[in-house]
$ cat model14.cif   # mmCIF, C-alpha atoms
data_model
#
loop_
_atom_site.label_atom_id
_atom_site.label_comp_id
_atom_site.auth_asym_id
_atom_site.auth_seq_id
_atom_site.Cartn_x
_atom_site.Cartn_y
_atom_site.Cartn_z
CA MET N 1 -8.04 -22.75 -22.65
CA ASP N 2 -5.24 -23.06 -20.10
CA GLU N 3 -2.76 -20.24 -19.83
CA VAL N 4 0.96 -20.83 -19.67
CA ARG N 5 2.40 -19.66 -16.37
CA VAL N 6 5.88 -18.19 -16.73
CA THR N 7 7.64 -17.78 -13.39
CA PRO N 8 11.17 -16.47 -12.71
CA ALA N 9 13.77 -19.13 -11.99
CA GLY N 10 16.84 -17.20 -10.84
CA ARG N 11 17.14 -15.87 -7.31
CA VAL N 12 17.34 -12.13 -6.78
CA THR N 13 20.24 -10.64 -4.84
CA THR N 14 20.17 -9.04 -1.41
CA GLY N 15 21.14 -5.72 -3.01
CA TRP N 16 18.16 -5.88 -5.36
CA MET N 17 15.81 -6.67 -2.48
CA THR N 18 17.26 -3.80 -0.44
CA LEU N 19 16.79 -1.24 -3.21
CA LEU N 20 13.20 -2.41 -3.74
CA ALA N 21 12.51 -2.12 -0.02
CA LEU N 22 13.96 1.41 0.05
CA ALA N 23 11.85 2.43 -2.96
CA GLN N 24 8.64 1.21 -1.34
CA MET N 25 9.77 2.77 1.92
CA GLY N 26 10.11 6.18 0.25
CA VAL N 27 6.67 6.11 -1.36
CA ILE N 28 4.84 4.85 1.73
CA MET N 29 6.77 7.30 3.93
CA ALA N 30 5.63 10.33 1.94
CA MET N 31 2.05 9.03 1.67
CA THR N 32 1.74 8.19 5.35
CA VAL N 33 3.40 11.31 6.75
CA GLY N 34 1.16 13.35 4.47
CA ASN N 35 -1.94 11.49 5.66
CA GLN N 36 -1.13 11.31 9.36
CA ILE N 37 0.78 14.51 10.10
CA LEU N 38 1.16 17.12 7.38
CA LEU N 39 -2.33 17.21 5.88
CA PRO N 40 -4.24 17.02 9.21
CA SER N 41 -2.09 19.83 10.62
CA HIS N 42 -2.49 22.00 7.52
CA VAL N 43 -6.24 21.37 7.28
CA ALA N 44 -6.67 22.21 10.98
CA HIS N 45 -4.82 25.49 10.33
CA ILE N 46 -6.91 26.37 7.27
CA ASP N 47 -10.33 25.22 8.55
CA PRO N 48 -10.22 24.57 12.31
CA VAL N 49 -14.00 24.48 12.75
CA HIS N 50 -14.77 21.86 10.11
CA LYS N 51 -11.41 20.09 10.06
CA GLU N 52 -12.86 16.55 10.13
CA ALA N 53 -15.07 17.04 7.07
CA SER N 54 -12.42 19.04 5.21
CA LEU N 55 -9.78 16.39 5.84
CA ALA N 56 -12.20 13.71 4.64
CA THR N 57 -12.62 15.68 1.40
CA VAL N 58 -8.87 15.82 0.79
CA PHE N 59 -8.49 12.11 1.54
CA ALA N 60 -11.48 11.07 -0.54
CA VAL N 61 -10.43 12.97 -3.69
CA GLY N 62 -6.91 11.60 -3.42
CA ALA N 63 -8.20 8.07 -2.93
CA VAL N 64 -10.47 8.35 -5.98
CA CYS N 65 -7.40 9.29 -8.01
CA THR N 66 -5.60 6.16 -6.85
CA ILE N 67 -8.64 4.04 -7.70
CA ILE N 68 -8.28 5.19 -11.31
CA ALA N 69 -4.48 5.18 -11.34
CA ASN N 70 -3.77 1.74 -9.86
CA PRO N 71 -4.99 -0.43 -12.75
CA LEU N 72 -4.36 2.26 -15.38
CA PHE N 73 -0.67 2.79 -14.64
CA GLY N 74 -0.26 -0.94 -14.04
CA ALA N 75 -1.68 -1.76 -17.46
CA MET N 76 0.40 0.96 -19.12
CA SER N 77 3.58 -0.39 -17.55
CA ASP N 78 2.62 -3.90 -18.70
CA ARG N 79 2.51 -2.54 -22.26
CA THR N 80 5.48 -0.16 -22.07
CA ARG N 81 8.27 -0.93 -24.52
CA SER N 82 11.49 1.01 -24.07
CA ARG N 83 15.20 0.35 -23.82
CA PHE N 84 14.90 1.10 -20.11
CA GLY N 85 12.35 -1.69 -19.58
CA ARG N 86 8.67 -1.80 -18.67
CA ARG N 87 8.71 -0.77 -15.02
CA ARG N 88 11.66 1.59 -14.58
CA PRO N 89 10.26 4.59 -16.55
CA TRP N 90 7.17 4.60 -14.34
CA ILE N 91 9.18 4.27 -11.13
CA VAL N 92 11.48 7.16 -12.04
CA GLY N 93 8.75 9.34 -13.53
CA GLY N 94 6.42 8.72 -10.59
CA ALA N 95 9.12 9.73 -8.11
CA LEU N 96 9.87 12.98 -9.96
CA VAL N 97 6.20 14.02 -10.25
CA CYS N 98 5.59 13.04 -6.64
CA ALA N 99 8.43 15.26 -5.44
CA ALA N 100 7.13 18.17 -7.54
CA SER N 101 3.61 17.80 -6.12
CA LEU N 102 4.91 17.78 -2.54
CA VAL N 103 6.80 21.01 -3.24
CA PHE N 104 3.54 22.45 -4.62
CA LEU N 105 1.68 21.43 -1.45
CA ALA N 106 4.24 23.21 0.73
CA TRP N 107 2.98 26.61 -0.45
CA GLN N 108 -0.78 26.00 -0.46
CA GLU N 109 -2.99 28.07 1.82
CA SER N 110 -6.43 26.96 0.61
CA LEU N 111 -8.42 23.75 0.83
CA ALA N 112 -8.75 23.66 -2.96
CA GLY N 113 -4.97 23.83 -3.34
CA LEU N 114 -4.54 20.94 -0.92
CA VAL N 115 -7.12 18.86 -2.79
CA VAL N 116 -5.43 19.42 -6.16
CA GLY N 117 -1.89 18.94 -4.87
CA TRP N 118 -2.71 15.77 -2.96
CA ALA N 119 -4.62 14.35 -5.91
CA VAL N 120 -1.58 14.76 -8.17
CA ALA N 121 0.65 13.35 -5.46
CA GLN N 122 -1.55 10.27 -5.16
CA LEU N 123 -1.39 9.71 -8.92
CA ALA N 124 2.41 9.89 -8.79
CA PHE N 125 2.65 7.69 -5.69
CA THR N 126 0.53 5.09 -7.43
CA ALA N 127 2.51 5.08 -10.66
CA ALA N 128 5.81 4.49 -8.86
CA LEU N 129 4.48 1.97 -6.37
CA ALA N 130 2.45 -0.07 -8.87
CA ALA N 131 5.47 -0.51 -11.14
CA ALA N 132 7.80 -1.33 -8.23
CA ILE N 133 5.48 -3.99 -6.82
CA ALA N 134 5.09 -5.58 -10.25
CA THR N 135 8.83 -6.31 -10.35
CA VAL N 136 8.26 -9.03 -7.72
CA PRO N 137 6.26 -11.46 -9.90
CA ASP N 138 8.42 -10.33 -12.85
CA GLN N 139 11.75 -11.23 -11.28
CA VAL N 140 11.36 -13.07 -7.96
CA PRO N 141 10.84 -16.87 -7.80
CA VAL N 142 7.96 -18.06 -5.60
CA ARG N 143 10.33 -19.54 -3.02
CA GLN N 144 11.75 -16.06 -2.31
CA ARG N 145 8.58 -13.98 -2.40
CA GLY N 146 7.83 -14.22 1.31
CA LYS N 147 11.27 -12.86 2.19
CA VAL N 148 11.13 -10.13 -0.47
CA SER N 149 7.65 -9.07 0.59
CA ALA N 150 8.66 -9.11 4.26
CA LEU N 151 11.73 -6.94 3.63
CA ALA N 152 9.63 -4.56 1.55
CA GLY N 153 7.06 -4.60 4.34
CA VAL N 154 9.68 -3.56 6.87
CA GLY N 155 10.62 -0.71 4.56
CA GLN N 156 7.00 0.35 4.27
CA LEU N 157 6.54 0.22 8.03
CA THR N 158 9.76 2.02 8.98
CA GLY N 159 9.27 4.75 6.37
CA PRO N 160 6.51 6.55 8.29
CA LEU N 161 8.66 6.53 11.43
CA LEU N 162 11.64 8.06 9.63
CA GLY N 163 9.43 10.61 7.93
CA GLY N 164 7.57 11.41 11.13
CA VAL N 165 10.79 12.06 13.03
CA VAL N 166 12.03 14.32 10.24
CA ALA N 167 8.73 16.22 9.98
CA THR N 168 8.12 16.76 13.69
CA VAL N 169 11.45 16.49 15.54
CA LEU N 170 14.16 17.61 13.14
CA LEU N 171 11.97 20.19 11.39
CA THR N 172 9.04 22.40 12.33
CA GLY N 173 6.09 23.49 10.20
CA THR N 174 4.20 21.80 7.39
CA LYS N 175 6.11 23.62 4.65
CA ALA N 176 9.44 22.22 5.79
CA GLY N 177 7.81 18.81 6.22
CA PHE N 178 6.49 18.68 2.65
CA LEU N 179 9.86 19.80 1.25
CA ALA N 180 11.69 17.18 3.29
CA MET N 181 9.37 14.44 2.00
CA ALA N 182 10.06 15.59 -1.57
CA VAL N 183 13.81 15.23 -1.07
CA LEU N 184 13.57 11.89 0.72
CA ILE N 185 11.34 10.30 -1.89
CA LEU N 186 13.91 11.12 -4.57
CA LEU N 187 16.77 9.75 -2.50
CA LEU N 188 14.95 6.51 -1.69
CA VAL N 189 13.04 5.71 -4.89
CA LEU N 190 15.34 6.79 -7.70
CA PRO N 191 18.19 4.31 -6.97
CA PHE N 192 15.93 1.31 -7.65
CA GLY N 193 14.65 2.85 -10.88
CA LEU N 194 18.06 3.99 -12.09
CA PHE N 195 20.47 1.30 -10.92
CA THR N 196 18.60 -1.98 -11.41
CA ARG N 197 17.96 -3.76 -14.68
CA GLU N 198 14.97 -5.65 -16.03
CA PRO N 199 15.93 -8.98 -17.61
CA ALA N 200 14.56 -9.86 -21.02
CA GLU N 201 12.53 -12.66 -19.45
CA THR N 202 10.12 -10.12 -17.92
CA THR N 203 8.41 -9.84 -21.32
CA ALA N 204 8.13 -13.59 -21.81
CA ALA N 205 4.77 -13.93 -20.06
CA ALA N 206 3.09 -11.69 -22.61
CA ALA N 207 4.47 -13.75 -25.50
CA ALA N 208 3.36 -17.00 -23.87
CA THR N 209 -0.16 -15.75 -23.25
CA ALA N 210 -0.45 -14.49 -26.83
CA ALA N 211 0.71 -17.86 -28.17
CA VAL N 212 -1.90 -19.72 -26.14
CA ALA N 213 -4.60 -17.29 -27.26
CA VAL N 214 -4.07 -18.24 -30.91
CA GLY N 215 -4.14 -21.96 -30.21
CA THR N 216 -0.49 -22.85 -29.67
CA THR N 217 0.07 -25.80 -27.34
CA ALA N 218 1.39 -25.11 -23.86
CA PRO N 219 4.93 -26.50 -24.49
CA ALA N 220 5.19 -24.55 -27.74
CA ALA N 221 3.91 -21.43 -26.01
CA ALA N 222 6.58 -21.83 -23.36
CA ALA N 223 9.17 -22.03 -26.12
CA VAL N 224 7.75 -18.86 -27.64
CA ALA N 225 8.00 -17.19 -24.24
CA THR N 226 11.62 -18.21 -23.88
CA ALA N 227 12.45 -16.90 -27.34
CA ALA N 228 10.50 -13.69 -26.87
CA GLY N 229 13.41 -11.88 -25.25
CA THR N 230 12.89 -8.19 -25.65
CA ALA N 231 10.07 -8.46 -28.16
CA GLY N 232 7.82 -6.59 -25.75
CA SER N 233 4.13 -6.72 -24.88
CA PRO N 234 1.28 -5.61 -27.14
CA PRO N 235 0.70 -1.85 -27.14
CA PHE N 236 -1.74 -0.31 -24.68
CA ASP N 237 -5.34 -0.36 -25.89
CA VAL N 238 -8.13 1.48 -24.07
CA ARG N 239 -10.88 -0.99 -24.93
CA SER N 240 -8.78 -3.97 -23.88
CA PHE N 241 -7.86 -2.15 -20.69
CA LEU N 242 -11.49 -1.43 -19.79
CA ARG N 243 -12.49 -5.04 -20.48
CA GLY N 244 -9.58 -6.21 -18.35
CA LEU N 245 -10.76 -4.25 -15.31
CA TRP N 246 -13.30 -6.97 -14.69
CA VAL N 247 -11.77 -10.14 -13.30
CA SER N 248 -14.54 -12.72 -13.08
CA PRO N 249 -14.99 -14.03 -9.52
CA ARG N 250 -16.44 -17.20 -11.04
CA ARG N 251 -13.31 -17.90 -13.12
CA HIS N 252 -10.87 -16.59 -10.49
CA PRO N 253 -12.54 -17.05 -7.08
CA ASP N 254 -9.26 -17.02 -5.13
CA PHE N 255 -8.37 -13.63 -6.61
CA ALA N 256 -11.78 -12.29 -5.62
CA TRP N 257 -11.63 -13.58 -2.05
CA SER N 258 -8.13 -12.18 -1.64
CA TRP N 259 -9.32 -8.78 -2.89
CA LEU N 260 -12.27 -8.67 -0.50
CA SER N 261 -10.19 -9.83 2.46
CA ARG N 262 -7.60 -7.13 1.79
CA LEU N 263 -10.32 -4.47 1.47
CA LEU N 264 -11.74 -5.26 4.91
CA ILE N 265 -8.39 -5.54 6.69
CA THR N 266 -6.93 -2.37 5.18
CA LEU N 267 -10.19 -0.57 5.91
CA THR N 268 -9.44 -1.24 9.58
CA LEU N 269 -6.02 0.37 9.17
CA ALA N 270 -7.43 3.38 7.31
CA MET N 271 -10.01 4.01 10.03
CA ALA N 272 -7.45 3.47 12.79
CA ILE N 273 -4.87 5.97 11.54
CA GLY N 274 -6.92 8.45 9.50
CA TYR N 275 -8.19 10.31 12.55
CA LEU N 276 -5.35 9.42 14.91
CA GLN N 277 -4.21 13.01 15.37
CA TYR N 278 -7.72 14.20 16.17
CA TYR N 279 -8.22 11.21 18.50
CA LEU N 280 -5.19 12.24 20.53
CA ARG N 281 -6.25 15.88 20.56
CA ASP N 282 -9.97 15.55 21.26
CA ALA N 283 -10.40 12.22 23.09
CA VAL N 284 -7.11 11.56 24.88
CA HIS N 285 -6.32 15.30 25.35
CA TYR N 286 -2.67 14.59 24.68
CA GLU N 287 -1.41 18.17 25.00
CA ARG N 288 -3.08 18.49 28.40
CA LEU N 289 -1.35 15.31 29.56
CA PHE N 290 2.02 16.37 28.11
CA PRO N 291 2.16 20.20 28.07
CA ASP N 292 5.68 20.29 26.64
CA SER N 293 4.75 18.15 23.63
CA THR N 294 2.55 18.67 20.58
CA VAL N 295 -0.10 16.30 19.32
CA GLU N 296 1.96 15.80 16.15
CA GLN N 297 4.81 14.50 18.30
CA GLY N 298 2.33 12.20 20.00
CA VAL N 299 1.46 10.75 16.61
CA VAL N 300 5.16 10.14 15.94
CA VAL N 301 5.46 8.28 19.25
CA LEU N 302 2.60 5.99 18.27
CA VAL N 303 4.08 5.50 14.80
CA ALA N 304 7.37 4.53 16.46
CA VAL N 305 5.59 2.00 18.67
CA PHE N 306 3.67 0.68 15.66
CA THR N 307 6.87 0.34 13.62
CA LEU N 308 9.03 -1.28 16.28
CA SER N 309 6.24 -3.74 17.07
CA SER N 310 5.98 -4.73 13.42
CA VAL N 311 9.58 -5.53 12.48
CA VAL N 312 10.01 -8.95 14.08
CA PRO N 313 6.50 -10.25 13.20
CA THR N 314 6.94 -9.05 9.60
CA LEU N 315 10.29 -10.76 9.03
CA LEU N 316 9.28 -13.90 10.91
CA ALA N 317 5.99 -14.27 9.04
CA GLY N 318 7.69 -13.84 5.66
CA TRP N 319 10.45 -16.32 6.47
CA LEU N 320 8.05 -18.95 7.85
CA SER N 321 5.68 -18.63 4.91
CA ASP N 322 8.57 -19.32 2.50
CA ARG N 323 9.96 -22.16 4.60
CA TYR N 324 6.67 -24.04 4.91
CA GLY N 325 4.99 -22.79 1.72
CA SER N 326 1.96 -21.68 3.73
CA ARG N 327 0.58 -18.13 3.43
CA ARG N 328 -2.97 -18.14 4.84
CA PRO N 329 -2.27 -18.70 8.57
CA ALA N 330 -0.08 -15.58 8.85
CA VAL N 331 -2.65 -13.42 7.08
CA PHE N 332 -5.41 -14.77 9.34
CA VAL N 333 -3.48 -14.19 12.58
CA GLY N 334 -2.44 -10.73 11.39
CA GLY N 335 -6.05 -9.72 10.73
CA LEU N 336 -7.24 -10.95 14.13
CA THR N 337 -4.41 -9.11 15.88
CA MET N 338 -5.47 -5.89 14.14
CA ALA N 339 -9.03 -6.53 15.31
CA ALA N 340 -7.75 -6.83 18.88
CA SER N 341 -6.14 -3.40 18.49
CA GLY N 342 -9.50 -1.89 17.60
CA LEU N 343 -11.18 -3.58 20.55
CA VAL N 344 -8.68 -2.03 22.97
CA LEU N 345 -9.72 1.47 21.87
CA THR N 346 -13.38 0.46 21.87
CA PHE N 347 -13.34 -0.10 25.61
CA LEU N 348 -10.49 2.17 26.76
CA THR N 349 -9.74 5.82 25.96
CA SER N 350 -6.33 6.78 27.32
CA TRP N 351 -2.74 7.32 26.28
CA SER N 352 -1.70 3.90 27.63
CA ALA N 353 -4.53 2.27 25.67
CA ALA N 354 -3.32 4.04 22.51
CA ILE N 355 0.18 2.63 23.12
CA ALA N 356 -1.18 -0.90 23.60
CA ALA N 357 -3.35 -0.61 20.49
CA SER N 358 -0.36 0.57 18.46
CA VAL N 359 1.63 -2.50 19.53
CA LEU N 360 -1.15 -4.83 18.40
CA LEU N 361 -1.83 -2.89 15.21
CA GLY N 362 1.86 -2.91 14.25
CA ALA N 363 2.33 -6.62 14.92
CA GLY N 364 -0.89 -7.56 13.13
CA TYR N 365 -0.39 -5.37 10.10
CA GLY N 366 3.23 -6.50 9.81
CA MET N 367 2.21 -10.14 9.57
CA PHE N 368 -0.57 -9.31 7.13
CA ALA N 369 1.49 -7.04 4.87
CA ALA N 370 4.47 -9.39 4.66
CA VAL N 371 2.54 -12.45 3.56
CA ASP N 372 -0.58 -11.12 1.84
CA GLN N 373 1.48 -9.46 -0.91
CA ALA N 374 3.44 -12.65 -1.51
CA MET N 375 0.21 -14.65 -1.60
CA VAL N 376 -1.44 -12.30 -4.09
CA THR N 377 1.46 -12.67 -6.57
CA GLN N 378 0.61 -16.40 -6.74
CA LEU N 379 -3.06 -15.72 -7.53
CA LEU N 380 -2.75 -13.31 -10.47
CA PRO N 381 -5.04 -14.30 -13.37
CA ALA N 382 -2.63 -13.54 -16.26
CA ASP N 383 1.14 -13.27 -16.54
CA ALA N 384 0.91 -10.67 -19.30
CA ASP N 385 -1.16 -8.36 -17.07
CA ARG N 386 0.74 -8.65 -13.81
CA ALA N 387 0.95 -4.94 -13.00
CA LYS N 388 -2.63 -4.29 -14.10
CA ASP N 389 -3.95 -7.15 -11.95
CA LEU N 390 -1.80 -6.05 -9.02
CA GLY N 391 -3.31 -2.61 -9.60
CA ILE N 392 -6.76 -4.14 -9.28
CA VAL N 393 -5.65 -5.75 -6.03
CA SER N 394 -4.36 -2.35 -4.88
CA LEU N 395 -7.81 -0.95 -5.53
CA ALA N 396 -8.73 -2.64 -2.27
CA ASN N 397 -6.27 -0.33 -0.50
CA SER N 398 -7.54 2.68 -2.43
CA ALA N 399 -11.15 1.79 -1.73
CA SER N 400 -10.39 1.44 1.96
CA ASN N 401 -8.73 4.87 1.97
CA THR N 402 -11.85 6.27 0.30
CA LEU N 403 -14.37 4.46 2.47
CA GLY N 404 -12.42 4.87 5.71
CA PRO N 405 -13.08 8.61 6.17
CA VAL N 406 -16.63 8.25 4.83
CA ILE N 407 -17.43 5.55 7.38
CA ALA N 408 -15.38 6.99 10.24
CA ALA N 409 -16.51 10.64 10.12
CA PRO N 410 -20.20 10.06 11.02
CA LEU N 411 -19.23 7.47 13.64
CA VAL N 412 -16.75 9.84 15.31
CA THR N 413 -19.21 12.74 15.37
CA SER N 414 -22.10 10.52 16.60
CA ALA N 415 -22.97 9.77 20.21
CA GLY N 416 -20.80 6.65 20.03
CA GLY N 417 -17.72 8.69 19.14
CA TYR N 418 -14.30 7.10 18.81
CA PRO N 419 -15.19 3.89 20.72
CA LEU N 420 -17.92 3.12 18.20
CA MET N 421 -15.61 3.86 15.27
CA TYR N 422 -12.86 1.58 16.56
CA GLY N 423 -15.38 -1.16 17.34
CA VAL N 424 -16.63 -1.11 13.75
CA ALA N 425 -13.02 -1.19 12.53
CA ALA N 426 -12.37 -4.29 14.65
CA GLY N 427 -15.37 -5.99 13.07
CA PHE N 428 -14.04 -5.33 9.57
CA ALA N 429 -10.66 -6.85 10.44
CA THR N 430 -12.25 -9.97 11.93
CA LEU N 431 -14.39 -10.57 8.85
CA GLY N 432 -11.44 -9.97 6.51
CA ALA N 433 -9.31 -12.47 8.43
CA CYS N 434 -11.99 -15.15 8.28
CA LEU N 435 -12.49 -14.75 4.52
CA ILE N 436 -8.88 -15.76 3.90
CA TRP N 437 -9.86 -19.41 4.42
CA ARG N 438 -12.05 -19.25 1.31
CA ILE N 439 -8.88 -19.13 -0.79
CA ARG N 440 -7.91 -22.57 -2.12
CA GLY N 441 -5.06 -21.86 -4.55
CA VAL N 442 -2.43 -21.36 -1.82
CA ARG N 443 -1.96 -23.02 1.54
#
$ encode --input "model14.cif" --output "structure tokens"
Amino acid sequence: MDEVRVTPAGRVTTGWMTLLALAQMGVIMAMTVGNQILLPSHVAHIDPVHKEASLATVFAVGAVCTIIANPLFGAMSDRTRSRFGRRRPWIVGGALVCAASLVFLAWQESLAGLVVGWAVAQLAFTAALAAAIATVPDQVPVRQRGKVSALAGVGQLTGPLLGGVVATVLLTGTKAGFLAMAVLILLLVLPFGLFTREPAETTAAAAATAAVAVGTTAPAAAAVATAAGTAGSPPFDVRSFLRGLWVSPRRHPDFAWSWLSRLLITLTLAMAIGYLQYYLRDAVHYERLFPDSTVEQGVVVLVAVFTLSSVVPTLLAGWLSDRYGSRRPAVFVGGLTMAASGLVLTFLTSWSAAIAASVLLGAGYGMFAAVDQAMVTQLLPADADRAKDLGIVSLANSASNTLGPVIAAPLVTSAGGYPLMYGVAAGFATLGACLIWRIRGVR
């Protein structure tokens, strides 16, 4: 039986888009600075001999938490009924718990403490981010989604640069860095959760889907959706949630191809940046080349290059995809550009090669991130389960963060070393880019 599709009609304001971009910027900033700078530095201090394996443990446990949390918190926000709306309680609550976990991490001096603290942080990151992303299909018409996703993408890409500068230039030490991230995530995320409103129409999709399920005709179901107002979605049910984790590739092939493509492309990013600090220290010998600089500052330089290279491609790709109604070409070109970044480091090991690779990686990921998210919002299987289904899509990111260290660690420590690891990463990006053409539901 066909499902009624309920899409927003009114345009969102520039202020709304800006607050959403800042919220996503805050979450990604704290996650990325933790992954790239604070955790590697702290792990190297605690366990310098086995730092690669220990870091992989911290990353893997945190990623497993996000695998569970992405669809779970998404489904719970789909079913949340409160006078504050469906999404806002999770955005605000996630930001508060995230800040508390970062403060906890600031005082940890054991690997076990880092594992626990980062696991809780990942749960909180996921709750806030899943709810924030779900506001796009809730409130943004299709004709604006490229621009909204591009602006949010710029926020996500500039966040790590801002956080990296704060953690390595303005402050010194991992404790100060964790505390600074806790403050910044509150300043950047809370305004969107506290000062925006969710219109009554965001619950209409659930009412429409329920009407169709009991045999109501599509026009009548649409009328039910319009009249639903603040009636709310059905309450959260564990059995329904577990059944909903499986989205049939046969019934929804475009959704499946999009998921697999994202997994492969984000796996490239996870492998590229997960061991970046160790790559600069052990392969490029950054501190020998620049005696007055630390390897953490070298990471910030590369993050700056990555970010600055991404801004124009991100905004341009989002604008063009809205203008021409075509999403797939930008995602394809973005994936291939990321593959080229990996190939540079496959054949060259030097500081200049790292700079060039960062330029390509930033431009490629910017194009991919801006348009892939907009494309995915048009492929969701059910309006009533938007956040849950977006959480399933985000499992691709979580899975890549889990698999990245698992795949990269043995490659880095093998005879092939970093060139082999980056070559494999380039292969993943190429395959992910090619799979995008299997999608038929969007141009």
$ closest_residue --input "model14.cif" --among "N:Ala53, N:Ala134, N:Ile67, N:Gly417" --to "Trp90 of chain N" --atoms "only C-alpha atoms"
N:Ala134
$ closest_atom_pairs --input "model14.cif" --of "segment 338-363 of chain N" --to "segment 251-274 of chain N" --cutoff "8 Å" --atoms "only C-alpha atoms" --output "CSV"
residue,atom,partner,partner_atom,distance
N:Met338,CA,N:Thr268,CA,7.6
N:Ala339,CA,N:Thr268,CA,7.8
N:Gly342,CA,N:Ala272,CA,7.5
$ closest_residue --input "model14.cif" --among "N:Gly159, N:Pro89, N:Gly34, N:Gly193" --to "Ala119 of chain N" --atoms "only C-alpha atoms"
N:Gly34
$ residues_near_point --input "model14.cif" --point "(-9.7, 22.6, 5.4)" --cutoff "9 Å" --atoms "all atoms listed in the file" --output "count of residues only"
21
$ resolve_selection --input "model14.cif" --expression "the PyMOL selection byres ((chain N and resi 276-280) around 8)" --output "list in words"
Gln36, Ile37, Pro40, Ala272, Ile273, Gly274, Tyr275, Arg281, Asp282, Ala283, Val284, His285, Tyr286, Val295, Glu296, Gly298, Val299, Trp351 and Tyr418 of chain N
$ write_last_selection --input "model14.cif" --atoms "C-alpha atoms" --output "tab-separated table (two decimals), keeping the file's coordinate frame"
chain	number	residue	atom	x	y	z
N	36	GLN	CA	-1.13	11.31	9.36
N	37	ILE	CA	0.78	14.51	10.10
N	40	PRO	CA	-4.24	17.02	9.21
N	272	ALA	CA	-7.45	3.47	12.79
N	273	ILE	CA	-4.87	5.97	11.54
N	274	GLY	CA	-6.92	8.45	9.50
N	275	TYR	CA	-8.19	10.31	12.55
N	281	ARG	CA	-6.25	15.88	20.56
N	282	ASP	CA	-9.97	15.55	21.26
N	283	ALA	CA	-10.40	12.22	23.09
N	284	VAL	CA	-7.11	11.56	24.88
N	285	HIS	CA	-6.32	15.30	25.35
N	286	TYR	CA	-2.67	14.59	24.68
N	295	VAL	CA	-0.10	16.30	19.32
N	296	GLU	CA	1.96	15.80	16.15
N	298	GLY	CA	2.33	12.20	20.00
N	299	VAL	CA	1.46	10.75	16.61
N	351	TRP	CA	-2.74	7.32	26.28
N	418	TYR	CA	-14.30	7.10	18.81
$ resolve_selection --input "model14.cif" --expression "the PyMOL selection byres ((chain N and resi 360) around 9)" --output "number ranges by chain"
N: 306, 309-310, 337-342, 355-359, 361-365
$ atom_distance --input "model14.cif" --atom1 "atom CA of Gln144 of chain N" --atom2 "atom CA of Ala130 of chain N"
19.6 Å
$ axis_aligned_box --input "model14.cif" --around "segment 80-90 of chain N" --padding-each-side "4 Å" --output "lines of an AutoDock Vina configuration file"
center_x = 10.3
center_y = 1.4
center_z = -19.4
size_x = 17.7
size_y = 14.4
size_z = 18.2
$ resolve_selection --input "model14.cif" --expression "the PyMOL selection byres ((chain N and resi 435) around 9)" --output "list of chain:residue names"
N:Trp257, N:Ser258, N:Leu260, N:Ser261, N:Phe332, N:Thr430, N:Leu431, N:Gly432, N:Ala433, N:Cys434, N:Ile436, N:Trp437, N:Arg438, N:Ile439
$ closest_residue --input "model14.cif" --among "N:Tyr324, N:Phe59, N:Phe178, N:Tyr422" --to "Phe347 of chain N" --atoms "only C-alpha atoms"
N:Tyr422
$ atom_distance --input "model14.cif" --atom1 "atom CA of Val305 of chain N" --atom2 "atom CA of Val424 of chain N"
23.0 Å
$ atom_distance --input "model14.cif" --atom1 "atom CA of Ala23 of chain N" --atom2 "atom CA of Leu336 of chain N"
28.9 Å
$ residues_near_point --input "model14.cif" --point "(12.9, 12.2, -11.8)" --cutoff "12 Å" --atoms "all atoms listed in the file" --output "number ranges by chain"
N: 88-100, 124, 128, 182-183, 185-191, 193-194
$ decode --input "model14.cif" --residues "segment 82-96 of chain N" --atoms "C-alpha atoms" --output "compact mmCIF listing (two decimals), in the first residue's frame"
# COMPACT_ATOMS: atom_id res chain seq x y z
CA SER N 82 6.16 17.16 24.82
CA ARG N 83 5.21 20.80 24.79
CA PHE N 84 8.77 21.53 23.68
CA GLY N 85 8.41 19.37 20.55
CA ARG N 86 9.94 16.11 19.38
CA ARG N 87 13.51 17.13 18.60
CA ARG N 88 14.39 19.97 20.98
CA PRO N 89 14.52 17.92 24.24
CA TRP N 90 17.07 15.59 22.67
CA ILE N 91 19.16 18.43 21.27
CA VAL N 92 19.31 20.24 24.61
CA GLY N 93 19.74 17.10 26.70
CA GLY N 94 22.42 15.73 24.39
CA ALA N 95 24.40 18.97 24.60
CA LEU N 96 24.28 19.01 28.42
